[in-house]
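Participant: So I've got this file, protein-v3.cif, and it contains mmCIF, C-alpha atoms and all ligand atoms:
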data_input
loop_
_atom_site.group_PDB
_atom_site.id
_atom_site.type_symbol
_atom_site.label_atom_id
_atom_site.label_comp_id
_atom_site.auth_asym_id
_atom_site.auth_seq_id
_atom_site.Cartn_x
_atom_site.Cartn_y
_atom_site.Cartn_z
ATOM 1 C CA MET A 1 84.557 93.738 -28.363
ATOM 2 C CA SER A 2 82.328 92.267 -31.023
ATOM 3 C CA GLU A 3 83.062 88.970 -32.648
ATOM 4 C CA TRP A 4 81.729 87.401 -35.870
ATOM 5 C CA ILE A 5 80.415 83.928 -35.301
ATOM 6 C CA GLU A 6 79.192 81.349 -37.754
ATOM 7 C CA ALA A 7 75.465 80.913 -37.264
ATOM 8 C CA CYS A 8 74.196 78.668 -40.058
ATOM 9 C CA SER A 9 74.210 77.939 -43.742
ATOM 10 C CA VAL A 10 72.016 80.108 -45.968
ATOM 11 C CA ASP A 11 70.115 76.934 -46.878
ATOM 12 C CA ASP A 12 69.169 76.329 -43.251
ATOM 13 C CA VAL A 13 66.677 79.200 -43.327
ATOM 14 C CA GLU A 14 63.814 79.318 -45.776
ATOM 15 C CA GLU A 15 62.745 82.607 -47.260
ATOM 16 C CA GLU A 16 60.345 84.498 -44.972
ATOM 17 C CA ASP A 17 61.242 82.249 -42.040
ATOM 18 C CA LEU A 18 63.616 82.055 -39.073
ATOM 19 C CA ILE A 19 65.615 79.579 -37.057
ATOM 20 C CA ARG A 20 66.949 79.444 -33.529
ATOM 21 C CA PHE A 21 70.690 79.759 -32.972
ATOM 22 C CA ASP A 22 72.359 79.256 -29.576
ATOM 23 C CA HIS A 23 75.842 80.443 -28.763
ATOM 24 C CA GLY A 24 77.800 81.201 -25.594
ATOM 25 C CA GLY A 25 74.857 80.607 -23.292
ATOM 26 C CA ARG A 26 72.632 82.973 -25.262
ATOM 27 C CA THR A 27 69.941 82.371 -27.807
ATOM 28 C CA TYR A 28 69.317 84.221 -31.049
ATOM 29 C CA ALA A 29 66.937 84.191 -33.977
ATOM 30 C CA ILE A 30 68.221 84.268 -37.559
ATOM 31 C CA TYR A 31 65.785 85.506 -40.205
ATOM 32 C CA ARG A 32 65.693 85.326 -43.965
ATOM 33 C CA SER A 33 63.520 88.042 -45.429
ATOM 34 C CA PRO A 34 61.355 87.757 -48.562
ATOM 35 C CA ASP A 35 64.002 89.859 -50.367
ATOM 36 C CA ASP A 36 66.646 87.290 -49.391
ATOM 37 C CA GLU A 37 68.482 89.303 -46.745
ATOM 38 C CA PHE A 38 69.567 87.835 -43.410
ATOM 39 C CA TYR A 39 68.926 89.431 -40.022
ATOM 40 C CA ALA A 40 69.578 88.453 -36.426
ATOM 41 C CA THR A 41 67.892 89.375 -33.150
ATOM 42 C CA ASP A 42 67.773 88.116 -29.601
ATOM 43 C CA GLY A 43 65.848 84.866 -29.600
ATOM 44 C CA LEU A 44 63.496 85.656 -26.754
ATOM 45 C CA CYS A 45 60.466 87.901 -26.919
ATOM 46 C CA THR A 46 60.837 90.959 -24.677
ATOM 47 C CA HIS A 47 57.357 90.385 -23.263
ATOM 48 C CA GLU A 48 57.562 86.993 -21.550
ATOM 49 C CA GLN A 49 60.803 85.437 -22.701
ATOM 50 C CA VAL A 50 59.239 83.011 -25.147
ATOM 51 C CA HIS A 51 61.441 81.927 -28.027
ATOM 52 C CA LEU A 52 60.530 83.600 -31.289
ATOM 53 C CA ALA A 53 61.693 80.634 -33.377
ATOM 54 C CA ASP A 54 58.164 79.214 -33.238
ATOM 55 C CA GLY A 55 56.713 82.514 -34.365
ATOM 56 C CA LEU A 56 55.545 83.589 -37.764
ATOM 57 C CA VAL A 57 57.474 85.754 -40.206
ATOM 58 C CA MET A 58 55.354 88.011 -42.389
ATOM 59 C CA ASP A 59 57.283 90.311 -44.665
ATOM 60 C CA HIS A 60 59.675 92.075 -42.229
ATOM 61 C CA ILE A 61 57.691 91.300 -39.091
ATOM 62 C CA ILE A 62 58.135 88.498 -36.593
ATOM 63 C CA GLU A 63 54.995 87.629 -34.674
ATOM 64 C CA CYS A 64 55.565 86.075 -31.258
ATOM 65 C CA PRO A 65 53.921 82.644 -30.877
ATOM 66 C CA LYS A 66 52.599 83.382 -27.374
ATOM 67 C CA HIS A 67 50.560 86.599 -27.468
ATOM 68 C CA ASN A 68 51.090 87.636 -31.090
ATOM 69 C CA GLY A 69 53.293 90.596 -30.207
ATOM 70 C CA ARG A 70 55.101 91.913 -33.285
ATOM 71 C CA PHE A 71 58.572 93.253 -33.965
ATOM 72 C CA ASP A 72 60.282 94.529 -37.083
ATOM 73 C CA TYR A 73 63.197 92.085 -37.126
ATOM 74 C CA ARG A 74 65.352 94.486 -39.193
ATOM 75 C CA THR A 75 65.390 97.130 -36.460
ATOM 76 C CA GLY A 76 64.017 95.248 -33.448
ATOM 77 C CA GLU A 77 61.266 97.836 -33.100
ATOM 78 C CA ALA A 78 58.291 96.689 -31.030
ATOM 79 C CA LYS A 79 55.182 97.169 -33.146
ATOM 80 C CA GLY A 80 52.462 97.363 -30.533
ATOM 81 C CA ALA A 81 50.831 95.719 -27.514
ATOM 82 C CA PRO A 82 51.599 93.560 -25.705
ATOM 83 C CA VAL A 83 55.238 94.168 -26.654
ATOM 84 C CA CYS A 84 56.673 97.562 -25.778
ATOM 85 C CA VAL A 85 60.380 96.853 -25.348
ATOM 86 C CA ASN A 86 62.389 96.649 -28.563
ATOM 87 C CA LEU A 87 64.235 93.496 -29.509
ATOM 88 C CA ARG A 88 68.007 93.681 -29.711
ATOM 89 C CA THR A 89 69.401 93.201 -33.216
ATOM 90 C CA TYR A 90 72.830 92.076 -34.432
ATOM 91 C CA PRO A 91 74.688 92.729 -37.681
ATOM 92 C CA THR A 92 74.890 89.826 -40.122
ATOM 93 C CA ARG A 93 76.967 89.034 -43.169
ATOM 94 C CA VAL A 94 76.954 86.188 -45.656
ATOM 95 C CA GLU A 95 80.162 84.664 -46.950
ATOM 96 C CA ASN A 96 80.382 81.610 -49.194
ATOM 97 C CA GLY A 97 76.906 80.448 -48.261
ATOM 98 C CA THR A 98 77.442 80.865 -44.519
ATOM 99 C CA VAL A 99 75.632 83.358 -42.322
ATOM 100 C CA PHE A 100 77.692 85.110 -39.641
ATOM 101 C CA ILE A 101 76.382 87.316 -36.866
ATOM 102 C CA SER A 102 78.291 89.855 -34.873
ATOM 103 C CA VAL A 103 77.848 89.471 -31.111
ATOM 104 C CA GLU A 104 79.579 90.980 -28.118
HETATM 105 S S1 LIG A 201 55.547 86.501 -24.892
HETATM 106 FE FE1 LIG A 201 55.769 87.453 -26.820
HETATM 107 S S2 LIG A 201 54.015 88.710 -26.970
HETATM 108 FE FE2 LIG A 201 53.861 87.821 -24.991
#
Is it possible to give me this structure as C-alpha cells?
Facilitator:
Amino acid sequence: MSEWIEACSVDDVEEEDLIRFDHGGRTYAIYRSPDDEFYATDGLCTHEQVHLADGLVMDHIIECPKHNGRFDYRTGEAKGAPVCVNLRTYPTRVENGTVFISVE
C-alpha cells in the first residue's frame, strides 16, 4: 500500500535543482523543475548506484555526477548511454509549503 510521507519544505529545493531525501532505509531525490513543479525519483543512478543529489539539473533532465548519464526526472526515462535502465519515479504533492511523496 502506498503512503504519503513528508519529504521537505518547498524552500529546501531551489528551482532547477534537487536534494537528497532518506526514508525507511531508502534514498530518494526530490526535484524542483524550472516551471516550479516537484518530482521524486529513486536517489541512486541505475548505472552504478551513485547518488544523483550531486548531479546537475538542466530543464527536466538530471545528469548523473559520475558518468554523466541522463534521465528525465519526470518519467524516469533513461536518456542514453551509459544509463539504460529507467529510474523509478514517485508521485508528489505540495500542501501548505510542504512536499510529500508517495512511496510503497
Ligand atoms: S553511475 Fe550514473 S552514469 Fe554511471
Participant: Taking the file as shown, find all residues satisfying the PyMOL selection byres (((chain A and resi 42-45) around 12) and not hetatm) and write them as a compact mmCIF listing (two decimals) with C-alpha atoms, keeping the file's coordinate frame.
Facilitator:
# COMPACT_ATOMS: atom_id res chain seq x y z
CA LEU A 18 63.62 82.06 -39.07
CA ILE A 19 65.61 79.58 -37.06
CA ARG A 20 66.95 79.44 -33.53
CA PHE A 21 70.69 79.76 -32.97
CA ASP A 22 72.36 79.26 -29.58
CA HIS A 23 75.84 80.44 -28.76
CA GLY A 25 74.86 80.61 -23.29
CA ARG A 26 72.63 82.97 -25.26
CA THR A 27 69.94 82.37 -27.81
CA TYR A 28 69.32 84.22 -31.05
CA ALA A 29 66.94 84.19 -33.98
CA ILE A 30 68.22 84.27 -37.56
CA TYR A 31 65.78 85.51 -40.20
CA TYR A 39 68.93 89.43 -40.02
CA ALA A 40 69.58 88.45 -36.43
CA THR A 41 67.89 89.38 -33.15
CA THR A 46 60.84 90.96 -24.68
CA HIS A 47 57.36 90.38 -23.26
CA GLU A 48 57.56 86.99 -21.55
CA GLN A 49 60.80 85.44 -22.70
CA VAL A 50 59.24 83.01 -25.15
CA HIS A 51 61.44 81.93 -28.03
CA LEU A 52 60.53 83.60 -31.29
CA ALA A 53 61.69 80.63 -33.38
CA ASP A 54 58.16 79.21 -33.24
CA GLY A 55 56.71 82.51 -34.36
CA ILE A 62 58.14 88.50 -36.59
CA GLU A 63 55.00 87.63 -34.67
CA CYS A 64 55.56 86.08 -31.26
CA PRO A 65 53.92 82.64 -30.88
CA LYS A 66 52.60 83.38 -27.37
CA HIS A 67 50.56 86.60 -27.47
CA ASN A 68 51.09 87.64 -31.09
CA GLY A 69 53.29 90.60 -30.21
CA ARG A 70 55.10 91.91 -33.28
CA PHE A 71 58.57 93.25 -33.97
CA TYR A 73 63.20 92.08 -37.13
CA ARG A 74 65.35 94.49 -39.19
CA THR A 75 65.39 97.13 -36.46
CA GLY A 76 64.02 95.25 -33.45
CA GLU A 77 61.27 97.84 -33.10
CA ALA A 78 58.29 96.69 -31.03
CA PRO A 82 51.60 93.56 -25.70
CA VAL A 83 55.24 94.17 -26.65
CA CYS A 84 56.67 97.56 -25.78
CA VAL A 85 60.38 96.85 -25.35
CA ASN A 86 62.39 96.65 -28.56
CA LEU A 87 64.24 93.50 -29.51
CA ARG A 88 68.01 93.68 -29.71
CA THR A 89 69.40 93.20 -33.22
CA TYR A 90 72.83 92.08 -34.43
CA PRO A 91 74.69 92.73 -37.68
CA ILE A 101 76.38 87.32 -36.87
CA SER A 102 78.29 89.86 -34.87
CA VAL A 103 77.85 89.47 -31.11
Participant: Taking only C-alpha atoms and all ligand atoms into account, which of A:Lys79, A:Phe38, A:Val13, A:Gly24 comes nearest ligand LIG 201 (chain A)?
Facilitator: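 The answer is A:Lys79, which sits nearest to ligand LIG 201 (chain A).
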Participant: Identify the residues within 12 Å of coordinate (64.2, 92.7, -48.4) (same frame as the file), considering only C-alpha atoms, and give the answer as a compact mmCIF listing (two decimals) with C-alpha atoms, keeping the file's coordinate frame.
Facilitator:
# COMPACT_ATOMS: atom_id res chain seq x y z
CA GLU A 15 62.74 82.61 -47.26
CA GLU A 16 60.34 84.50 -44.97
CA TYR A 31 65.78 85.51 -40.20
CA ARG A 32 65.69 85.33 -43.96
CA SER A 33 63.52 88.04 -45.43
CA PRO A 34 61.36 87.76 -48.56
CA ASP A 35 64.00 89.86 -50.37
CA ASP A 36 66.65 87.29 -49.39
CA GLU A 37 68.48 89.30 -46.74
CA PHE A 38 69.57 87.84 -43.41
CA TYR A 39 68.93 89.43 -40.02
CA MET A 58 55.35 88.01 -42.39
CA ASP A 59 57.28 90.31 -44.66
CA HIS A 60 59.68 92.08 -42.23
CA ILE A 61 57.69 91.30 -39.09
CA TYR A 73 63.20 92.08 -37.13
CA ARG A 74 65.35 94.49 -39.19
Participant: Since I can't run it myself right now, could you work out what the PyMOL selection byres (((chain A and resi 11) around 10) and not hetatm) selects here and report it as a PyMOL selection string?
Facilitator: chain A and resi 8-10+12-15+32+97-99
Participant: Output C-alpha atoms for every residue in the selection just made, as a compact mmCIF listing (two decimals), keeping the file's coordinate frame.
Facilitator:
# COMPACT_ATOMS: atom_id res chain seq x y z
CA CYS A 8 74.20 78.67 -40.06
CA SER A 9 74.21 77.94 -43.74
CA VAL A 10 72.02 80.11 -45.97
CA ASP A 12 69.17 76.33 -43.25
CA VAL A 13 66.68 79.20 -43.33
CA GLU A 14 63.81 79.32 -45.78
CA GLU A 15 62.74 82.61 -47.26
CA ARG A 32 65.69 85.33 -43.96
CA GLY A 97 76.91 80.45 -48.26
CA THR A 98 77.44 80.86 -44.52
CA VAL A 99 75.63 83.36 -42.32
Participant: If we draw a sphere of 12 Å around (86.3, 84.7, -34.0), which residues have at least one atom in it when counting all atoms listed in the file? Please report them as a JSON list (two decimals) with C-alpha atoms, keeping the file's coordinate frame.
Facilitator:
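Writing done, so here's result.json:
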[["chain", "number", "residue", "atom", "x", "y", "z"],
["A", 1, "MET", "CA", 84.56, 93.74, -28.36],
["A", 2, "SER", "CA", 82.33, 92.27, -31.02],
["A", 3, "GLU", "CA", 83.06, 88.97, -32.65],
["A", 4, "TRP", "CA", 81.73, 87.40, -35.87],
["A", 5, "ILE", "CA", 80.42, 83.93, -35.30],
["A", 6, "GLU", "CA", 79.19, 81.35, -37.75],
["A", 7, "ALA", "CA", 75.46, 80.91, -37.26],
["A", 100, "PHE", "CA", 77.69, 85.11, -39.64],
["A", 101, "ILE", "CA", 76.38, 87.32, -36.87],
["A", 102, "SER", "CA", 78.29, 89.86, -34.87],
["A", 103, "VAL", "CA", 77.85, 89.47, -31.11],
["A", 104, "GLU", "CA", 79.58, 90.98, -28.12]]
Participant: Kindly reconstruct segment 1-12 of chain A with all heavy atoms and present the result as a short mmCIF file (atom, residue, chain, number, x, y, z; two decimals), keeping the file's coordinate frame.
Facilitator:
data_model
loop_
_atom_site.label_atom_id
_atom_site.label_comp_id
_atom_site.auth_asym_id
_atom_site.auth_seq_id
_atom_site.Cartn_x
_atom_site.Cartn_y
_atom_site.Cartn_z
N MET A 1 84.18 93.77 -26.95
CA MET A 1 84.56 93.74 -28.36
C MET A 1 83.63 92.78 -29.12
O MET A 1 83.29 91.73 -28.61
CB MET A 1 85.99 93.25 -28.47
CG MET A 1 86.71 93.87 -29.64
SD MET A 1 88.42 93.32 -29.70
CE MET A 1 88.29 92.01 -30.89
N SER A 2 83.23 93.16 -30.31
CA SER A 2 82.33 92.27 -31.02
C SER A 2 83.12 91.22 -31.80
O SER A 2 84.27 91.41 -32.16
CB SER A 2 81.41 93.05 -31.93
OG SER A 2 82.15 93.66 -32.92
N GLU A 3 82.42 90.13 -32.05
CA GLU A 3 83.06 88.97 -32.65
C GLU A 3 82.10 88.40 -33.68
O GLU A 3 80.90 88.32 -33.42
CB GLU A 3 83.28 87.98 -31.49
CG GLU A 3 83.76 86.64 -31.84
CD GLU A 3 83.53 85.64 -30.69
OE1 GLU A 3 82.95 86.00 -29.65
OE2 GLU A 3 83.92 84.50 -30.86
N TRP A 4 82.60 88.03 -34.86
CA TRP A 4 81.73 87.40 -35.87
C TRP A 4 81.69 85.90 -35.62
O TRP A 4 82.74 85.27 -35.53
CB TRP A 4 82.26 87.67 -37.27
CG TRP A 4 82.04 89.08 -37.71
CD1 TRP A 4 82.94 90.09 -37.68
CD2 TRP A 4 80.83 89.63 -38.25
NE1 TRP A 4 82.37 91.24 -38.15
CE2 TRP A 4 81.07 90.99 -38.52
CE3 TRP A 4 79.56 89.12 -38.52
CZ2 TRP A 4 80.11 91.85 -39.04
CZ3 TRP A 4 78.59 89.97 -39.05
CH2 TRP A 4 78.87 91.30 -39.30
N ILE A 5 80.51 85.37 -35.49
CA ILE A 5 80.42 83.93 -35.30
C ILE A 5 79.55 83.31 -36.38
O ILE A 5 78.61 83.93 -36.90
CB ILE A 5 79.85 83.56 -33.91
CG1 ILE A 5 78.56 84.31 -33.64
CG2 ILE A 5 80.86 83.80 -32.82
CD1 ILE A 5 77.90 83.89 -32.38
N GLU A 6 79.90 82.07 -36.71
CA GLU A 6 79.19 81.35 -37.75
C GLU A 6 77.86 80.88 -37.18
O GLU A 6 77.85 80.18 -36.17
CB GLU A 6 80.07 80.16 -38.15
CG GLU A 6 79.61 79.49 -39.39
CD GLU A 6 80.60 78.39 -39.80
OE1 GLU A 6 81.83 78.58 -39.67
OE2 GLU A 6 80.10 77.35 -40.25
N ALA A 7 76.77 81.27 -37.82
CA ALA A 7 75.46 80.91 -37.26
C ALA A 7 74.83 79.73 -37.98
O ALA A 7 74.29 78.83 -37.35
CB ALA A 7 74.53 82.12 -37.32
N CYS A 8 74.86 79.73 -39.31
CA CYS A 8 74.20 78.67 -40.06
C CYS A 8 74.56 78.80 -41.52
O CYS A 8 75.22 79.75 -41.92
CB CYS A 8 72.67 78.75 -39.89
SG CYS A 8 71.97 80.31 -40.47
N SER A 9 74.07 77.86 -42.30
CA SER A 9 74.21 77.94 -43.74
C SER A 9 73.00 78.72 -44.28
O SER A 9 71.93 78.69 -43.67
CB SER A 9 74.24 76.52 -44.30
OG SER A 9 73.81 76.52 -45.62
N VAL A 10 73.17 79.38 -45.41
CA VAL A 10 72.02 80.11 -45.97
C VAL A 10 70.85 79.16 -46.25
O VAL A 10 69.69 79.54 -46.15
CB VAL A 10 72.38 80.88 -47.27
CG1 VAL A 10 73.31 82.03 -46.98
CG2 VAL A 10 72.96 79.97 -48.31
N ASP A 11 71.17 77.90 -46.56
CA ASP A 11 70.11 76.93 -46.88
C ASP A 11 69.35 76.45 -45.65
O ASP A 11 68.33 75.78 -45.77
CB ASP A 11 70.71 75.71 -47.59
CG ASP A 11 71.32 76.10 -48.92
OD1 ASP A 11 70.85 77.08 -49.52
OD2 ASP A 11 72.28 75.42 -49.35
N ASP A 12 69.86 76.76 -44.48
CA ASP A 12 69.17 76.33 -43.25
C ASP A 12 67.91 77.15 -42.98
O ASP A 12 67.05 76.74 -42.19
CB ASP A 12 70.09 76.48 -42.03
CG ASP A 12 71.25 75.50 -42.08
OD1 ASP A 12 71.14 74.49 -42.79
OD2 ASP A 12 72.27 75.77 -41.41
#
